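S.K.: Pasting in a structure now, in structure tokens, and then I'll have a few things to ask.
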There are 2 protein chains.
Amino acid sequence: MRDVAAASGVSQATVSFVLNDAPGQTIPAATRERVRRAADELGYRPHSIARALREGASRIVVLEAGGLPRGHHLSSFIAGLDEELGAAGFGLLVSYGEGVSARAAITAIEPRAVIDLPAVCAGPDHDVADGGWIDGMVAHRLVQLRHLVARGHRAVAVAVPAGDDPFLALMAGQVRDAAEELGLPEPLPLVVDGDPEKPVGALKAGVTAVAALTDDLALGVLAVLADTGLSAPGDLAVIGFDDTPHGALWRPALTTVRLDARAYGRRTARTLLGLPVGDARPAPARVIERASA
Amino acid sequence: MRDVAAASGVSQATVSFVLNDAPGQTIPAATRERVRRAADELGYRPHSIARALREGASRIVVLEAGGLPRGHHLSSFIAGLDEELGAAGFGLLVSYGEGVSARAAITAIEPRAVIDLPAVCAGPDHDVADGGWIDGMVAHRLVQLRHLVARGHRAVAVAVPAGDDPFLALMAGQVRDAAEELGLPEPLPLVVDGDPEKPVGALKAGVTAVAALTDDLALGVLAVLADTGLSAPGDLAVIGFDDTPHGALWRPALTTVRLDARAYGRRTARTLLGLPVGDARPAPARVIERASA
DNA sequence: GAACTTCGCTGATACGAATAAGTGACCGGT
DNA sequence: ACCGGTCACTTATTCGTATCAGCGAAGTTC
């Protein structure tokens, strides 16, 4: 920056004013031009560490995606964040909770903001904070269940994991809400833990279809079905949620729901940056129809 | 740091000397103790941005894992890096090439070092640089092929992807080397692109088993086999490589090879830090025997 | 024409740490 | 008694940027 100042015949302060479009500064177009050109020719890049020291935080936003299911949903949310943050000159770092040193790195970065996605989703204020996430999620679950209803199913189970993850518990609630809205009987939980008796029991209880909280759980159901000589969709229809790449590799290939979380990502980014939310309208979820339901 | 200095009655410089164990400084134990205690009581944490500005680079190492197959291999390599870097006070950031803003973030960090893993693996000097990676990889492929040989197979194909990724090409070469070492005929490539004719053709050519470059490719082979009414291991034995979680969910469950890349990760970290390599001995690869081979 | 404002800048300072250079007190040797 | 050296520190500077306070000249107002 000092070099740029020398090259354009002004002081370092002026260079800073010009390059940052500092408000409250009156600098004639001619000078601006000179400074910009000099910066360009010298290949000046702001030193982000120095800037972070001065500003008290780096221009980096961290997304904590800890134990979240990875699928199209998360990827497109990230893509949306990426888009808006990138445009605003911010960097995005995604942390999958990979160990001590990752944690050390994040504190070392002094990020401008940390988005704790599991907490946002599980917390009480998420729909306020990001403008309708919850309603969106229930709407997505409606798409999932409607596909089963359209095939004539009414006795539906929800595939849930063995543990009690708060995020997945929230998802289960959304499925229940969606079922109620469709006038279906309350869906039974089907715990996916490798035990082949579980789906057999569900069948005996009259269940004809399973909506899984995530694709991986759906694959777990398909696996235990195969272990008992049963198959989807003949014996039990199975629909996943969130289109992970592996769903397409299974046989029968997994029917699933694909979300467009990009708009939510953009919205989150814009709120974070203090910008008006603008036109970020999420595309509706749609069923990726393959073989399993 | 200024507060710590005031609290312990010394100058800021002395505090820095004590807390960093500066060489060439003679500071009596009593003073050191006072300073340490004051730092502790005040909850002093070094400001990593300021430190990075002073030192010219942050204490963060970035691992670029771009298009690498994700599996146990990559995870344990990361775990190894994590262990050593964390112990040395460094942070580790893993980049999966997620977009523009991720790239922006990485340059904004001014990392101490960037490990470009695909380049390291595909480059000519990788075995020198990390102490035997290549030999290790061929040894791992031997484990994979030996499992097939022990089941009576000799006509083996390699499942390869449709594109031409340099990293996967390298892997294919390692399989060939391993086959040669076992005295097997040169393995035919079996391109995995969803076309069911490919495995049928291989069968006609007398192939009885497939060693896949990665688990995902193995799953692709299982999928097209199922599409033609064939199955593993009866019609064609299939073994994967690198134990991705989804392999266990398939039916027949995927037999695969599990690598311990942790030692390589530790080794890489220590070399990077300029430390002696030490005792990082990689555990041998082992076959995770499930149903498909 | 004196006072005041606006324009177009510059100089200095701060952010928090690391470190080179210096400084007074004390000790040992001659 | 004087010199040199070590000990135990302190002072001052540096990293690159943002921003506050100020300053001379020109223009405006009364």
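Ordering of the structure tokens sets the chain letters (A, B, ...); residue numbers start at 1 within each chain; ligands are numbered from 1 in the order shown.
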Would you kindly return, as an MDAnalysis selection string, each protein, DNA or RNA residue with an atom no farther than 12 Å from any atom of stretch 2-7 of chain B, considering only C-alpha atoms (C1' of nucleotides) and excluding same-chain residues fewer than 5 positions away?

M.R.: (chainID B and resid 12:19 31:32 34:46) or (chainID C and resid 16:17) or (chainID D and resid 10)

S.K.: Would you kindly return, as number ranges by chain, each protein, DNA or RNA residue with an atom no farther than 10 Å from any atom of D:DC23, considering only C-alpha atoms (C1' of nucleotides) and excluding same-chain residues fewer than 2 positions away?

M.R.: C: 9-10; D: 21, 25

S.K.: Identify every residue of chain C that has at least one atom within 7 Å of any atom of chain A, counting only C-alpha atoms (C1' of nucleotides), and report the result as a ChimeraX atom specification.

M.R.: /C:7-8,10,15

S.K.: Write out, as an mmCIF file, in the first residue's frame, the residues just selected, with all heavy atoms.

M.R.:
```cif
data_model
loop_
_atom_site.group_PDB
_atom_site.id
_atom_site.type_symbol
_atom_site.label_atom_id
_atom_site.label_comp_id
_atom_site.auth_asym_id
_atom_site.auth_seq_id
_atom_site.Cartn_x
_atom_site.Cartn_y
_atom_site.Cartn_z
ATOM 1 P P DC C 7 -17.825 19.216 -0.056
ATOM 2 O OP1 DC C 7 -18.675 18.959 -1.243
ATOM 3 O OP2 DC C 7 -17.847 18.299 1.093
ATOM 4 O "O5'" DC C 7 -16.324 19.394 -0.570
ATOM 5 C "C5'" DC C 7 -16.021 20.457 -1.464
ATOM 6 C "C4'" DC C 7 -14.537 20.455 -1.782
ATOM 7 O "O4'" DC C 7 -13.793 20.944 -0.633
ATOM 8 C "C3'" DC C 7 -13.954 19.085 -2.127
ATOM 9 O "O3'" DC C 7 -13.168 19.243 -3.292
ATOM 10 C "C2'" DC C 7 -13.119 18.727 -0.899
ATOM 11 C "C1'" DC C 7 -12.677 20.106 -0.410
ATOM 12 N N1 DC C 7 -12.378 20.226 1.042
ATOM 13 C C2 DC C 7 -11.186 20.864 1.448
ATOM 14 O O2 DC C 7 -10.407 21.283 0.585
ATOM 15 N N3 DC C 7 -10.930 20.992 2.775
ATOM 16 C C4 DC C 7 -11.795 20.528 3.675
ATOM 17 N N4 DC C 7 -11.508 20.684 4.972
ATOM 18 C C5 DC C 7 -13.021 19.893 3.283
ATOM 19 C C6 DC C 7 -13.267 19.761 1.968
ATOM 20 P P DG C 8 -12.614 17.966 -4.083
ATOM 21 O OP1 DG C 8 -12.366 18.329 -5.491
ATOM 22 O OP2 DG C 8 -13.490 16.839 -3.740
ATOM 23 O "O5'" DG C 8 -11.205 17.748 -3.370
ATOM 24 C "C5'" DG C 8 -10.101 18.563 -3.760
ATOM 25 C "C4'" DG C 8 -8.898 18.120 -2.960
ATOM 26 O "O4'" DG C 8 -9.165 18.373 -1.547
ATOM 27 C "C3'" DG C 8 -8.592 16.619 -3.055
ATOM 28 O "O3'" DG C 8 -7.201 16.448 -3.236
ATOM 29 C "C2'" DG C 8 -9.040 16.077 -1.715
ATOM 30 C "C1'" DG C 8 -8.700 17.258 -0.828
ATOM 31 N N9 DG C 8 -9.338 17.250 0.485
ATOM 32 C C8 DG C 8 -10.555 16.708 0.839
ATOM 33 N N7 DG C 8 -10.844 16.855 2.109
ATOM 34 C C5 DG C 8 -9.747 17.534 2.627
ATOM 35 C C6 DG C 8 -9.481 17.965 3.956
ATOM 36 O O6 DG C 8 -10.187 17.836 4.951
ATOM 37 N N1 DG C 8 -8.253 18.627 4.038
ATOM 38 C C2 DG C 8 -7.393 18.829 2.987
ATOM 39 N N2 DG C 8 -6.264 19.482 3.257
ATOM 40 N N3 DG C 8 -7.629 18.419 1.744
ATOM 41 C C4 DG C 8 -8.823 17.787 1.642
ATOM 42 P P DT C 10 -1.839 13.196 0.120
ATOM 43 O OP1 DT C 10 -0.652 13.298 -0.745
ATOM 44 O OP2 DT C 10 -2.543 11.915 0.285
ATOM 45 O "O5'" DT C 10 -1.456 13.734 1.569
ATOM 46 C "C5'" DT C 10 -0.907 15.041 1.720
ATOM 47 C "C4'" DT C 10 -0.568 15.256 3.193
ATOM 48 O "O4'" DT C 10 -1.792 15.223 3.978
ATOM 49 C "C3'" DT C 10 0.337 14.169 3.785
ATOM 50 O "O3'" DT C 10 1.348 14.800 4.553
ATOM 51 C "C2'" DT C 10 -0.588 13.316 4.627
ATOM 52 C "C1'" DT C 10 -1.673 14.304 5.043
ATOM 53 N N1 DT C 10 -3.012 13.692 5.265
ATOM 54 C C2 DT C 10 -3.579 13.767 6.508
ATOM 55 O O2 DT C 10 -3.043 14.306 7.464
ATOM 56 N N3 DT C 10 -4.818 13.185 6.589
ATOM 57 C C4 DT C 10 -5.533 12.557 5.591
ATOM 58 O O4 DT C 10 -6.635 12.079 5.801
ATOM 59 C C5 DT C 10 -4.860 12.511 4.312
ATOM 60 C C7 DT C 10 -5.528 11.836 3.156
ATOM 61 C C6 DT C 10 -3.652 13.065 4.200
ATOM 62 P P DC C 15 -4.899 -0.031 20.833
ATOM 63 O OP1 DC C 15 -5.747 0.268 21.991
ATOM 64 O OP2 DC C 15 -3.446 -0.200 20.989
ATOM 65 O "O5'" DC C 15 -5.429 -1.362 20.152
ATOM 66 C "C5'" DC C 15 -6.412 -1.395 19.125
ATOM 67 C "C4'" DC C 15 -6.114 -2.546 18.184
ATOM 68 O "O4'" DC C 15 -5.315 -2.046 17.097
ATOM 69 C "C3'" DC C 15 -5.260 -3.643 18.799
ATOM 70 O "O3'" DC C 15 -6.110 -4.672 19.302
ATOM 71 C "C2'" DC C 15 -4.411 -4.171 17.634
ATOM 72 C "C1'" DC C 15 -4.581 -3.115 16.544
ATOM 73 N N1 DC C 15 -3.305 -2.547 16.018
ATOM 74 C C2 DC C 15 -3.114 -2.479 14.636
ATOM 75 O O2 DC C 15 -3.996 -2.907 13.890
ATOM 76 N N3 DC C 15 -1.951 -1.959 14.166
ATOM 77 C C4 DC C 15 -1.026 -1.502 15.023
ATOM 78 N N4 DC C 15 0.099 -1.003 14.506
ATOM 79 C C5 DC C 15 -1.217 -1.557 16.429
ATOM 80 C C6 DC C 15 -2.353 -2.087 16.879
#
```

S.K.: Select all residues from chain D having any atom no more than 7 Å from an atom of chain A (counting only C-alpha atoms (C1' of nucleotides), ignoring ligands), output as a PyMOL selection string.

M.R.: chain D and resi 16-18

S.K.: I need the contact residues of chain A against chain B, so if you could list those with any atom within 6 Å, counting only C-alpha atoms, and return them as a PyMOL selection string, that would help.

M.R.: chain A and resi 48-50+53+82+86+91-93+101-102+104-105+108+223+249

S.K.: Please identify which residues in stretch 8-247 of chain B DSSP calls helix (DSSP H, G or I) from the backbone, and express them as number ranges by chain.

M.R.: B: 8, 12-19, 29-41, 48-55, 72-87, 100-109, 117-122, 126-130, 133-150, 166-181, 197-204, 215-227, 245-247

S.K.: Do you know which residues are at most 9 Å from stretch 174-190 of chain A counting only C-alpha atoms (C1' of nucleotides), after dropping those on the same chain fewer than 6 positions away, and could you put them as a list in words?

M.R.: Ile134, Met137, Val138, Ala139, His140, Arg141, Leu142, Val143, Gln144, Leu145, Arg146, Val149, Arg154, Ala155, Val156, Ala157, Val158, Ala159, Val160, Pro161, Lys198, Pro199, Ala202, Val207, Val210, Ala211, Ala212, Leu213 and Val221 of chain A

S.K.: Mind pulling up the distance from atom CA of B:Val114 to atom CA of B:Gly274?

M.R.: 14.7 Å

S.K.: Could you write out, as a list in words, all the residues of stretch 112-240 of chain A that DSSP marks as strand (DSSP E or B)?

M.R.: Ala113, Val114, Ile115, Asp116, Val156, Ala157, Val158, Ala159, Val160, Pro161, Leu188, Pro189, Leu190, Val191, Val192, Ala209, Val210, Ala211, Ala212, Ala237, Val238 and Ile239 of chain A

S.K.: What is the atom CA of A:Ala291-atom CA of A:Ala209 distance in Å, reported with one decimal?

M.R.: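 According to the coordinates, atom CA of A:Ala291 and atom CA of A:Ala209 are separated by 13.3 Å.
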
S.K.: Show me, as a ChimeraX atom specification, the residues that have an atom within 12 Å of C:DT30 when counting only C-alpha atoms (C1' of nucleotides), minus same-chain residues fewer than 3 positions from it.

M.R.: /D:1-4

S.K.: Mind giving me the straight-line distance from atom CA of B:Ala269 to atom CA of B:Gly136 in Å, one decimal?

M.R.: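 Distance between the two atoms: 17.5 Å.
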
S.K.: Give me the residues within 7 Å of stretch 254-257 of chain A as a list in words, counting only C-alpha atoms (C1' of nucleotides) and dropping any in the same chain fewer than 2 places off.

M.R.: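 The contact residues come out as Gln144, Ile239, Gly240, Phe241, Asp242, Asp243, Gly247, Ala248, Trp250, Pro252, Leu259, Ala285, Arg286, Val287, Ile288, Glu289, Arg290, Ala291, Ser292 and Ala293 of chain A.
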
S.K.: Those same residues, written as an mmCIF file, in the first residue's frame with C-alpha atoms?

M.R.:
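The new file again_38.cif reads:
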```cif
data_model
loop_
_atom_site.group_PDB
_atom_site.id
_atom_site.type_symbol
_atom_site.label_atom_id
_atom_site.label_comp_id
_atom_site.auth_asym_id
_atom_site.auth_seq_id
_atom_site.Cartn_x
_atom_site.Cartn_y
_atom_site.Cartn_z
ATOM 1 C CA GLN A 144 -42.104 -36.823 0.549
ATOM 2 C CA ILE A 239 -38.493 -43.159 0.168
ATOM 3 C CA GLY A 240 -35.404 -41.258 1.264
ATOM 4 C CA PHE A 241 -34.757 -37.609 1.819
ATOM 5 C CA ASP A 242 -32.029 -35.398 0.460
ATOM 6 C CA ASP A 243 -30.542 -37.222 -2.492
ATOM 7 C CA GLY A 247 -28.858 -43.597 -3.203
ATOM 8 C CA ALA A 248 -28.606 -43.910 -6.976
ATOM 9 C CA TRP A 250 -28.373 -49.004 -4.587
ATOM 10 C CA PRO A 252 -33.492 -51.030 -6.066
ATOM 11 C CA LEU A 259 -34.270 -29.991 -1.740
ATOM 12 C CA ALA A 285 -38.633 -29.706 -3.315
ATOM 13 C CA ARG A 286 -39.177 -32.442 -5.857
ATOM 14 C CA VAL A 287 -39.228 -36.205 -5.811
ATOM 15 C CA ILE A 288 -36.390 -37.989 -7.574
ATOM 16 C CA GLU A 289 -38.325 -41.038 -8.628
ATOM 17 C CA ARG A 290 -36.238 -44.154 -8.876
ATOM 18 C CA ALA A 291 -37.232 -47.679 -7.936
ATOM 19 C CA SER A 292 -37.742 -48.018 -4.203
ATOM 20 C CA ALA A 293 -41.082 -46.221 -3.911
#
```

S.K.: I want to know what sits within 10 Å of D:DT29, based on only C-alpha atoms (C1' of nucleotides), with residues of the same chain fewer than 4 positions away left out; could you give that as a list in words?

M.R.: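 Neighbouring residues, sequence-local ones excluded: DA3, DC4 and DT5 of chain C.
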